[in-house]
Every structure is written in structure tokens, then in C-alpha cells.
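**Student:** Supplied in C-alpha cells, the structure appears directly below.
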Amino acid sequence: MKKVLITGALGQIGSELTMRLRKEYGENNVIASGLSKDNGSEEVLQSGPFEIVDITKEHQIADAVKKHNVDTIINLAAILSAVGEAKPGLAWNVNMNGLYNVLEVARELNSAVFTPSSIAAFGPSTPAKDTPQDTIQRPTTMYGVTKVAGELLCDYYFEKYGVDTRGVRFPGLISYKTLPGGGTTDYAVEIYYKAIQEGKFTCPLDKSTYMDMMYMPDALDAIINLAEADPSKLKHRNAFNVTAMSFNPEDIFASIKKFMPEFNMNYDINPTLQKIANSWPDSLDDSAAREEWGWNPKYDLDSMSKDMLEKLKIKLSK
Ligand code: NAD
Ligand code: SER
């Protein structure tokens with residue numbers, strides 16, 4: 001990667017990835033983009049180039065790639081699971097037609113493409129524990145349908161046209177800088193905000209709901225390390241299982257309580273979110289990522305809780 005265009009750069013991942021890449025690759029070599037500048041992170045908007053790019057408009061992607069001589073597109077523009085269930089047509093348009101446009105621009109202008117998939121690419125018939133790298137993928141959400149189809153489309157562009165496509169299946173990502181964009185795992189971010197702001201949290205998922213999760217610094221490492229990996233070692237280019245921890249609401253509650261003993265939690269189950277969460281794996285087997293490009297996350301639940309609470313307290317006190 002020398003010149004990178006990030007789509008959806010003002011979202012949960014993009015707002016942190018842009019800053020990390022600008023530090024490592026140079027401020028002018030990382031072009032952030034999004035639907036508009038409104039409510040965007042000031043540090044992203046001020047620290048380097050920003051372009052308006054709607055990925056459903058192919059010419060906007062192509063113009064940005066040509067203008068900045070981009071060699072790698074990191075495509076983070078997407079509609080996530082909960083919003084996707086409320087607006088399935090929008091999810092299809094952005095996640096599929098948008099990805100198709102990104103891949104077409106990459107094919108025509110000779111750039112590499114990194115697109116995250118998700119644990120949502122699995123479904124209720126997938127083995128839920130130690131979910132293998134290669135297994136049944138019959139998701140029951142529109143988001144999941146677009147993620148499986150997206151994995152296949154990226155494989156197709158590599159096999160047929162030689163576009164250097166890569167990607168990981170991210171679990172729920174936990175971070176303190178930018179709020180998540182409407183997913184099923186969002187409770188695991190919100191719980192930290194509520195712990196600090198109110199000392200209590202009402203959990204929308206049942207206490208036995210296990211899902212894979214990861215702290216943002218590990219997610220950024222995953223993107224950079226896979227994007228820079230030796231291609232000759234990659235057998236699963238577009239859909240590496242990656243995880244850092246698997247927990248249920250009781251586990252994250254207990255972890256926060258270690259640092260905030262007065263914290264309380266009750267439950268008010270959201271049936272839509274519960275149904276989505278029940279259809280996803282409990283824990284992924286990420287051995288292919290470990291073997292093929294050295295995936296090795298640094299944060300577990302307690303070290304994440306400690307860091308989240310410290311950083312969020314500073315942020316919320318300003
Ligand atoms: P997000 O919702 O926080 O950010 C997505 C961004 O895309 C938003 O800023 C949104 O405005 C923008 N966007 C929407 N439609 C667009 C369009 N047509 N053109 C350009 N931009 C558009 O999402 P995120 O959490 O940063 O996720 C990035 C990627 O990672 C997505 O593919 C998502 O599926 C994947 N992922 C995220 C998680 C997670 O927990 N955050 C987990 C698994 C996979
Ligand atoms: N965090 C994402 C979601 O819940 C997983 O892809 O939608």
C-alpha cells in the first residue's frame with residue numbers, strides 16, 4: 001500500500017483506520033472519503049485529503065482513484081446488520097452494487113481492494129462453536145446475504161481479473177472514538193458508555209448470547225497486516241475468520257464490574273437483535289488467519305475493559 005482511498009472513512013472503523021494509516025504511510029497518502037463531511041471526525045477531516053465518494057456512484061470512486069493515483073481501496077462503506085434489517089433495499093444497494101462499483105474501478109485502474117466481511121456471513125445452520133474457516137454459509141439477514149455474496153464477488157474478481165482482493169470476517173468491534181453504525185454487536189460498546197454515564201445498563205440481548213468480539217486496535221492491525229501480507233501465502237484471500245474473544249452479556253458485565261464495582265445491569269430483550277445474534281456463531285476458529293498471515297490479537301476482555309473505561313472517561317469528561 002502506497003496511496004490508499006478509504007470509503008466510509010467517517011464510520012466506526014474508518015475514523016480510526018484513517019488516522020493510523022496517515023501516521024504510518026504519510027498524511028497525504030491516505031485519502032479519506034464519505035457521503036458528506038457532516039458530523040465527521042474533525043481529526044480525519046483536518047489531517048489529510050478528503051473526497052465526497054458515494055460508492056453507489058462509480059464515477060465518484062473512479063475520480064478519487066485517478067485524482068490521487070490510488071493503488072489500494074479499503075472499502076468500509078456499508079450498511080450494518082440492524083439497519084440492514086430495517087432497510088434491506090438500501091443494504092443491498094450499498095453493500096452489493098457499491099462493492100461491485102469498487103471492484104470495477106479497481107479492475108479498470110489497477111488497484112487492490114480490501115473489504116471486510118463479518119461473522120454475519122454465517123447463519124443458523126453453521127456450526128456455532130469453533131466455527132471453521134470453510135463451512136456452511138446460509139445467513140438469514142440481508143446484511144449477511146450481502147456479506148457472503150461480497151466474499152464470493154471479491155474471489156471472482158481475483159480469479160477472473162487478477163484484482164488483488166483481500167478481507168477478513170470481523171466480529172463485533174469495540175471502540176471509544178466513533179459510535180458503531182447500527183449493528184447487533186453495538187451493545188458491547190454502549191455498555192461502556194452507560195457504565196460511565198449512568199452506572200447502569202439495560203441489555204437488549206439475553207445473558208446467554210455468545211458472540212465473537214475484538215478491540216479496535218487489533219482490528220486495525222488485522223487490516224494492515226493482511227493488506228501487507230505476502231500474497232503467495234494467502235489461501236483464503238477474502239474471508240479470513242478473525243477473533244480476539246468470545247463473551248456473553250454476563251461476561252462483559254463482570255469484566256466492567258472489576259473496574260467499576262457499583263455498576264448494575266438488567267435485561268430488556270430486543271427480539272429483532274436477539275434473532276440476528278442467535279443466528280451468528282458463538283466462537284470462530286481463526287487458525288487460517290494465524291497460519292497464513294500471522295494474526296495474533298493483543299487484547300482480551302479484561303485488558304480491553306480497562307483501556308476502554310480509561311479512554312472513555314477522558315473523552316466523556318471533555
Ligand atoms: P459504520 O456504519 O460505522 O461506517 C460505514 C460508513 O459508510 C458510514 O460513515 C456511512 O455514512 C458510510 N456509507 C453508507 N453508505 C455509503 C455510500 N453509499 N457511499 C459511501 N459511504 C457510505 O461501519 P463500520 O463499523 O466502520 O464498518 C466498516 C466495514 O466493516 C463494513 O463493511 C462492515 O460490514 C464491516 N464490519 C464491521 C464490524 C463492526 O463491528 N464495526 C463488524 C464486522 C464487519
Ligand atoms: N458489528 C456488526 C453488526 O453487528 C457485525 O458485522 O452488524
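In the C-alpha cells, chains take the letters A, B, ... in the order shown, each chain's residues start at 1, and ligands count up from 1 in the order shown.
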Go through the chains and note each residue within 6 Å of ligand 1, using only C-alpha atoms and all ligand atoms, then give the set as a list in words.
**Tutor:**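 Protein and nucleic-acid residues within 6 Å of ligand 1: Thr7, Gly8, Leu10, Gly11, Gln12, Ile13, Gly14, Gly34, Leu35, Val53, Asp54, Ile55, Thr56, Leu76, Ala77, Ala78, Ile79, Leu80, Val94, Pro116, Ser117, Ser118, Phe170, Pro171, Gly172, Leu173, Pro180 and Gly181 of chain A.
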**Student:** Write out as a PDB file with N, CA and C atoms, in the first residue's frame which residues come within 8 Å of Lys235 in chain A when counting only C-alpha atoms, dropping same-chain ones fewer than 2 positions away.
**Tutor:**
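Below is the file part39.pdb, written as the result:
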```pdb
ATOM      1  N   LYS A 233       1.334 -16.587   0.282  1.00  0.00           N
ATOM      2  CA  LYS A 233       0.965 -17.394   1.459  1.00  0.00           C
ATOM      3  C   LYS A 233      -0.553 -17.450   1.666  1.00  0.00           C
ATOM      4  N   ARG A 237      -8.172 -15.583   0.579  1.00  0.00           N
ATOM      5  CA  ARG A 237      -7.944 -14.141   0.415  1.00  0.00           C
ATOM      6  C   ARG A 237      -9.019 -13.249   1.034  1.00  0.00           C
ATOM      7  N   GLU A 292      -1.714 -18.196   7.916  1.00  0.00           N
ATOM      8  CA  GLU A 292      -1.396 -17.642   6.591  1.00  0.00           C
ATOM      9  C   GLU A 292      -0.797 -16.239   6.641  1.00  0.00           C
TER      10      GLU A 292
END
```
**Student:** Which neighbours of Ile174 in chain A fall inside 8 Å, counting only C-alpha atoms, when residues of the same chain fewer than 3 positions from it are skipped, and could you give them as a PyMOL selection string?
**Tutor:** chain A and resi 186+188-189+213-216
**Student:** Selected residues, N, CA, C and O atoms, written as a PDB file, in the first residue's frame, please.
**Tutor:**
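The resulting out19.pdb:
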```pdb
ATOM      1  N   ASP A 186     -23.565  -3.831  18.805  1.00  0.00           N
ATOM      2  CA  ASP A 186     -23.366  -2.471  19.351  1.00  0.00           C
ATOM      3  C   ASP A 186     -23.522  -2.416  20.879  1.00  0.00           C
ATOM      4  O   ASP A 186     -22.984  -1.519  21.533  1.00  0.00           O
ATOM      5  N   ALA A 188     -22.174  -4.042  23.034  1.00  0.00           N
ATOM      6  CA  ALA A 188     -20.884  -4.224  23.702  1.00  0.00           C
ATOM      7  C   ALA A 188     -20.035  -2.955  23.669  1.00  0.00           C
ATOM      8  O   ALA A 188     -18.982  -2.895  24.315  1.00  0.00           O
ATOM      9  N   VAL A 189     -20.478  -1.945  22.927  1.00  0.00           N
ATOM     10  CA  VAL A 189     -19.869  -0.612  23.010  1.00  0.00           C
ATOM     11  C   VAL A 189     -20.693   0.244  23.971  1.00  0.00           C
ATOM     12  O   VAL A 189     -20.163   0.885  24.882  1.00  0.00           O
ATOM     13  N   MET A 213     -15.900 -11.020  19.530  1.00  0.00           N
ATOM     14  CA  MET A 213     -15.679  -9.573  19.636  1.00  0.00           C
ATOM     15  C   MET A 213     -14.179  -9.275  19.487  1.00  0.00           C
ATOM     16  O   MET A 213     -13.335 -10.176  19.624  1.00  0.00           O
ATOM     17  N   MET A 214     -13.876  -7.989  19.284  1.00  0.00           N
ATOM     18  CA  MET A 214     -12.475  -7.566  19.131  1.00  0.00           C
ATOM     19  C   MET A 214     -12.360  -6.081  19.464  1.00  0.00           C
ATOM     20  O   MET A 214     -13.277  -5.304  19.164  1.00  0.00           O
ATOM     21  N   TYR A 215     -11.237  -5.698  20.074  1.00  0.00           N
ATOM     22  CA  TYR A 215     -10.988  -4.278  20.360  1.00  0.00           C
ATOM     23  C   TYR A 215     -10.370  -3.632  19.111  1.00  0.00           C
ATOM     24  O   TYR A 215      -9.593  -4.267  18.387  1.00  0.00           O
ATOM     25  N   MET A 216     -10.719  -2.373  18.890  1.00  0.00           N
ATOM     26  CA  MET A 216     -10.345  -1.709  17.633  1.00  0.00           C
ATOM     27  C   MET A 216      -8.845  -1.760  17.288  1.00  0.00           C
ATOM     28  O   MET A 216      -8.494  -1.957  16.117  1.00  0.00           O
TER      29      MET A 216
END
```
**Student:** Counting only C-alpha atoms and all ligand atoms, which of A:Ser125, A:Ser305, A:Ser81, A:Thr146 gets nearest to ligand 2?
**Tutor:** A:Ser81
**Student:** Find the residues near Pro261 in chain A: any atom within 12 Å, counting only C-alpha atoms, skip ones fewer than 5 places away on the same chain, and give them as a PyMOL selection string.
**Tutor:** chain A and resi 195-196+199-200+253-256
**Student:** When you draw a straight line from CA of His236 in chain A to CA of Ala289 in chain A, how long is it in Å?
**Tutor:**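 Between these atoms lies a distance of 8.3 Å.
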**Student:** So, with only C-alpha atoms as the atoms that count, which of A:Glu104, A:Asp206, A:Asp218, A:Asp286 lies closest to Glu250 in chain A?
**Tutor:** A:Asp206
**Student:** Using only C-alpha atoms and all ligand atoms, which of A:Tyr161, A:Trp293, A:Tyr187, A:Phe114 sits nearest ligand 2?
**Tutor:** A:Tyr187
**Student:** Determine, counting only C-alpha atoms, which protein, DNA and RNA residues have an atom within 7 Å of an atom of Asn270 in chain A; residues of the same chain fewer than 4 positions away are not included. Present the result as a count of residues only.
**Tutor:** 3
**Student:** Would you compute the distance between CA of Tyr156 in chain A and CA of Ser33 in chain A? Give it in Å to one decimal.
**Tutor:** 25.6 Å
